[in-house]
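Text of upload-v2.cif (mmCIF, C-alpha atoms) as supplied:
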data_start
loop_
_atom_site.label_atom_id
_atom_site.label_comp_id
_atom_site.auth_asym_id
_atom_site.auth_seq_id
_atom_site.Cartn_x
_atom_site.Cartn_y
_atom_site.Cartn_z
CA MET O 1390 163.36 113.76 92.33
CA VAL O 1391 163.39 116.50 89.71
CA THR O 1392 163.37 120.08 90.93
CA SER O 1393 162.53 123.12 88.86
CA ASP O 1394 164.87 126.06 88.40
CA LYS O 1395 162.61 128.04 90.71
CA GLU O 1396 163.02 125.46 93.48
CA LYS O 1397 166.79 125.50 92.95
CA GLY O 1398 166.79 129.23 93.52
CA SER O 1399 167.99 130.40 90.12
CA GLY O 1400 164.79 132.39 89.60
CA SER O 1401 164.23 131.22 86.03
CA SER O 1402 161.90 128.42 85.10
CA THR O 1403 160.12 127.13 82.05
CA PRO O 1404 157.05 129.28 81.44
CA GLN O 1405 153.82 127.51 82.25
CA PRO O 1406 150.61 128.05 80.23
CA THR O 1407 149.22 130.10 83.13
CA ASP O 1408 152.21 132.46 82.89
CA LYS O 1409 151.25 133.29 79.31
CA ILE O 1410 147.82 134.65 80.24
CA TYR O 1411 149.40 137.92 81.34
CA GLY O 1412 150.24 138.67 77.70
CA ILE O 1413 146.70 138.25 76.36
CA THR O 1414 145.24 141.72 75.98
CA ASN O 1415 142.66 141.03 73.27
CA ILE O 1416 140.54 137.96 73.91
CA LYS O 1417 138.80 138.46 70.55
CA SER O 1418 141.96 137.17 68.86
CA TYR O 1419 141.42 133.84 70.61
CA VAL O 1420 137.63 133.75 70.96
CA PRO O 1421 136.43 135.53 67.80
CA LEU O 1422 132.71 135.29 68.65
CA LEU O 1423 130.89 137.87 70.73
CA LEU O 1424 128.29 136.10 72.83
CA ASP O 1425 124.97 137.56 71.75
CA MET O 1426 121.42 136.84 72.89
CA ASN O 1427 120.15 137.20 69.31
CA GLN O 1428 122.77 135.13 67.48
CA LEU O 1429 122.10 131.74 69.10
CA ASN O 1430 125.87 131.27 69.39
CA TYR O 1431 126.19 130.24 73.04
CA ASP O 1432 127.32 126.67 72.36
CA ALA O 1433 130.01 127.74 69.87
CA TRP O 1434 131.17 130.60 72.14
CA LYS O 1435 131.28 128.28 75.16
CA GLU O 1436 133.39 125.72 73.29
CA LEU O 1437 135.86 128.35 72.06
CA PHE O 1438 136.18 129.96 75.49
CA LYS O 1439 136.49 126.63 77.32
CA THR O 1440 139.14 125.40 74.85
CA HIS O 1441 141.08 128.63 75.32
CA CYS O 1442 141.03 128.27 79.11
CA LEU O 1443 141.99 124.60 78.96
CA GLY O 1444 144.91 125.48 76.70
CA TYR O 1445 146.19 128.01 79.22
CA ASN O 1446 145.58 125.70 82.17
CA VAL O 1447 143.07 128.02 83.88
CA TYR O 1448 139.80 126.14 83.36
CA ASP O 1449 139.64 125.49 87.11
CA HIS O 1450 138.73 129.17 87.46
CA LEU O 1451 135.62 128.58 85.33
CA ASP O 1452 134.43 125.34 86.86
CA GLY O 1453 135.18 126.57 90.39
CA SER O 1454 137.20 123.48 91.30
CA LYS O 1455 140.06 125.51 92.77
CA LYS O 1456 139.19 128.55 94.86
CA LEU O 1457 141.98 130.38 96.63
CA PRO O 1458 140.54 133.85 97.26
CA ASP O 1459 143.29 134.59 99.82
CA ASP O 1460 146.06 133.91 97.28
CA THR O 1461 147.10 137.12 95.47
CA GLU O 1462 148.21 135.29 92.31
CA TRP O 1463 144.94 133.31 92.16
CA VAL O 1464 142.90 136.53 92.51
CA THR O 1465 144.96 138.19 89.77
CA VAL O 1466 144.48 135.28 87.36
CA ASP O 1467 140.78 135.09 88.21
CA ASN O 1468 140.36 138.78 87.39
CA ILE O 1469 142.18 138.35 84.08
CA ILE O 1470 139.77 135.55 83.17
CA LYS O 1471 136.82 137.77 84.15
CA GLN O 1472 138.23 140.42 81.80
CA TRP O 1473 138.33 137.80 79.05
CA LEU O 1474 134.73 136.85 79.76
CA TYR O 1475 133.54 140.46 79.83
CA GLY O 1476 135.46 141.22 76.63
CA SER O 1477 133.69 138.46 74.72
CA LEU O 1478 130.12 139.53 75.55
CA THR O 1479 127.76 141.98 73.92
CA GLN O 1480 126.65 144.93 76.05
CA ILE O 1481 123.22 143.37 76.65
CA VAL O 1482 124.67 140.09 77.90
CA LEU O 1483 127.26 141.91 80.01
CA GLN O 1484 124.61 144.08 81.65
CA SER O 1485 122.51 140.98 82.35
CA ILE O 1486 125.21 139.08 84.24
CA ILE O 1487 127.61 141.60 85.78
CA THR O 1488 127.69 141.68 89.60
CA THR O 1489 130.04 143.05 92.20
CA ASP O 1490 132.82 140.84 93.61
CA ALA O 1491 131.99 137.83 91.44
CA THR O 1492 134.65 135.26 90.63
CA ALA O 1493 135.23 134.01 87.10
CA ALA O 1494 133.31 130.84 88.07
CA ASP O 1495 130.36 133.00 89.23
CA VAL O 1496 130.37 134.89 85.92
CA TRP O 1497 130.64 131.64 83.92
CA LYS O 1498 127.68 130.18 85.84
CA SER O 1499 125.61 133.37 85.39
CA ILE O 1500 126.19 133.25 81.62
CA GLU O 1501 125.26 129.57 81.50
CA ASP O 1502 122.09 130.18 83.53
CA LEU O 1503 121.12 133.13 81.33
CA PHE O 1504 121.37 131.10 78.13
CA HIS O 1505 119.85 127.91 79.47
CA GLU O 1506 116.89 129.88 80.81
CA ASN O 1507 116.42 131.58 77.45
CA LYS O 1508 116.84 128.30 75.58
CA GLU O 1509 113.73 126.88 77.25
CA ASN O 1510 111.75 130.07 76.62
CA LYS O 1511 112.85 130.16 72.98
CA ALA O 1512 111.87 126.50 72.50
CA ILE O 1513 108.40 127.21 73.89
CA GLU O 1514 108.09 130.29 71.67
CA LEU O 1515 109.14 128.34 68.53
CA ASP O 1516 106.83 125.44 69.40
CA ASP O 1517 103.94 127.87 69.79
CA GLU O 1518 104.81 129.55 66.48
CA LEU O 1519 104.98 126.18 64.71
CA ARG O 1520 101.58 125.13 66.06
CA ASN O 1521 100.00 128.36 64.85
CA ILE O 1522 101.23 128.21 61.24
CA GLN O 1523 98.29 128.29 58.86
CA LEU O 1524 98.73 126.59 55.53
CA ARG O 1525 95.62 128.14 53.97
CA HIS O 1526 95.10 127.02 50.39
CA PHE O 1527 98.76 126.61 49.34
CA THR O 1528 100.13 123.25 48.27
CA ILE O 1529 103.28 121.85 49.83
CA MET O 1530 105.24 122.72 46.67
CA GLU O 1531 104.19 126.37 46.89
CA TYR O 1532 105.74 126.61 50.33
#
Conversion result in structure tokens:
Amino acid sequence: MVTSDKEKGSGSSTPQPTDKIYGITNIKSYVPLLLDMNQLNYDAWKELFKTHCLGYNVYDHLDGSKKLPDDTEWVTVDNIIKQWLYGSLTQIVLQSIITTDATAADVWKSIEDLFHENKENKAIELDDELRNIQLRHFTIMEY
């Protein structure tokens, strides 16, 4: 059985990816896109943010698979991830999803719901616009 330095009592151990999250003060260095309702960049933003969280071994805070609200360290990490989320949103998106006492998973789900809801509305709007295009007397080459 292999024991870590922490278990042996020396107090030093190999840093884990989750330990490194405390040093990230500017999420825009890692997720360079601001999530914006008008940019249609949700899928790209989601992939960048998810990849970042997977790399730092904290994706379980987004998918909600590990909830330990009574654990001080878990709450601290969850709040850091919420800061990352909030720091990668435009003001309009932030104001649309922010709620009191939400976990990172709650925020992640609110963002997803906001963009999936708008995706359907946008598709209906574009379909309606396409159906109402009038070609008039122009040939296909003139368009």
On this structure, the PyMOL selection byres ((chain O and resi 1424-1441) around 7) would catch which residues? List them as a JSON list (two decimals) with C-alpha atoms, keeping the file's coordinate frame, sorted by chain and number.
[["chain", "number", "residue", "atom", "x", "y", "z"],
["O", 1420, "VAL", "CA", 137.63, 133.75, 70.96],
["O", 1422, "LEU", "CA", 132.71, 135.29, 68.65],
["O", 1423, "LEU", "CA", 130.89, 137.87, 70.73],
["O", 1442, "CYS", "CA", 141.03, 128.27, 79.11],
["O", 1443, "LEU", "CA", 141.99, 124.60, 78.96],
["O", 1444, "GLY", "CA", 144.91, 125.48, 76.70],
["O", 1445, "TYR", "CA", 146.19, 128.01, 79.22],
["O", 1448, "TYR", "CA", 139.80, 126.14, 83.36],
["O", 1477, "SER", "CA", 133.69, 138.46, 74.72],
["O", 1478, "LEU", "CA", 130.12, 139.53, 75.55],
["O", 1479, "THR", "CA", 127.76, 141.98, 73.92],
["O", 1482, "VAL", "CA", 124.67, 140.09, 77.90]]
Check which residues satisfy the PyMOL selection byres ((chain O and resi 1464-1475) around 9) in the file shown, then give them as a ChimeraX atom specification.
/O:1407,1410-1411,1413-1417,1438,1442,1447,1450-1451,1457-1463,1476-1479,1483,1487,1491-1494,1496-1497
Quick one: distance from CA of Gln1480 (chain O) to CA of Leu1515 (chain O) in Å, one decimal?
25.3 Å
Please indicate the distance in Å from CA of Lys1455 (chain O) to CA of Lys1498 (chain O), rounded to one decimal place.
14.9 Å
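Of the residues under consideration (O:Met1530, O:Ile1486, O:Ile1481, O:Leu1519), O:Ile1486 shows the shortest atom-to-atom contact distance to Ile1500 (chain O) when counting only C-alpha atoms.
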